[in-house]
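Written below as structure tokens is the structure these notes are about.
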Amino acid sequence: VAEEAFRTGAHSSAFDAWHRATELASTDARADEYEIRAAEAALWAGNNAPARDIISRRPPLESTDTALVGLAAALEARAGQADSAYALFVRAGTLLEGLDPDGAARAFLDAARLRLRTGHVAAASGALERLTALHKRVSDPALLQQTEVVLAVVDTMTGVPVDRLRAACAALVPAQGALVGDLVFLADTVA
């Protein structure tokens with residue numbers, strides 16, 4: 001129920017369902033997982049308090065829990081703490097590199113986009129290099145297209161003609177069918 005609510009954008013409902021799942025969990029590890037998912041849904045719904053509560057009890061820089069580190073990165077980004085958010089996104093990507101190339105690429109992509117939003121291309125270079133190194137191991141086609149858009153944005157910001165960016169954006173947005181959040185990605189990244 002929580003996953004379906006989150007997928008459809010009903011983040012408050014997803015929070016309630018994940019919170020209830022936390023109460024019903026059969027193990028502490030499962031309860032911790034659900035608590036983090038609930039806090040993530042709350043963040044999407046505009047409520048930072050559950051994430052702050054978890055992070056105050058379990059410091060993310062000392063953790064190897066990628067979900068916790070990712071949650072902390074998202075909270076820091078939302079709070080405008082670009083330096084710490086970048087470090088946490090890179091840490092999450094590093095933790096995921098060997099186990100989940102797609103998850104690692106998403107984390108490095110988030111780190112790079114965070115820096116690019118403020119026009120700091122040089123500061124994004126570490127995450128972009130890690131993202132490029134993972135490129136051949138990524139299996140999610142949408143993630144590959146998003147990566148291409150970000151790399152094309154960097155090219156455009158450094159003086160390369162806009163043609164690559166135009167092509168990358170056109171490839172990301174289907175001619176027909178559902179967009180599944182790609183317009184939000186484009187608006188946030190390209191603008």
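By order in the structure tokens, chains are A, B, ...; within a chain, residues start at 1; ligands start at 1, following the order shown.
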Report task. Could you find all residues in chain A that DSSP calls helix (DSSP H, G or I) from the backbone, and write them as a PyMOL selection string? Result -> chain A and resi 2-7+11-24+28-44+49-57+60-62+66-78+82-96+101-117+122-137+141-157+163-172+182-190
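Distances here use only C-alpha atoms; by that measure, the residue among A:Glu129, A:Glu148, A:Asp188, A:Glu33 closest to Thr66 in chain A is A:Glu33.
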Query raised in the report: How far is it from CA of Tyr34 in chain A to CA of Ala67 in chain A, in Å with one decimal?
Result: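 Value for the CA of Tyr34 in chain A-CA of Ala67 in chain A distance: 10.2 Å.
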Query raised in the report: Please, what distance in Å, to one decimal, runs between CA of Leu144 in chain A and CA of Ala51 in chain A?
Result: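 Interatomic distance, CA of Leu144 in chain A to CA of Ala51 in chain A: 29.1 Å.
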Query raised in the report: Near Leu116 in chain A, counting only C-alpha atoms, which residues have an atom at most 9 Å away, once you skip same-chain residues fewer than 6 positions from it, shown as a list in words?
Result: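 Returned residues: Ala122, Ala123, Ala124, Val150, Val153, Val154 and Thr189 of chain A.
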Query - Residue neighbourhood range 68-85 of chain A, 8 Å, only C-alpha atoms, exclusion window fewer than 5 positions, as a PyMOL selection string - result: chain A and resi 36+39-40+43+48+51-52+55+60-61+63+91-92+107+111+114-115
Query raised in the report: What does the distance from CA of Glu4 in chain A to CA of His19 in chain A come to in Å, to one decimal?
Result: 14.5 Å
Query raised in the report: Excluding same-chain residues fewer than 5 positions from Val162 in chain A, what lies within 9 Å of it counting only C-alpha atoms, as a list in words?
Result: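 The filter keeps Ala152, Val153, Asp155, Thr156 and Ala167 of chain A.
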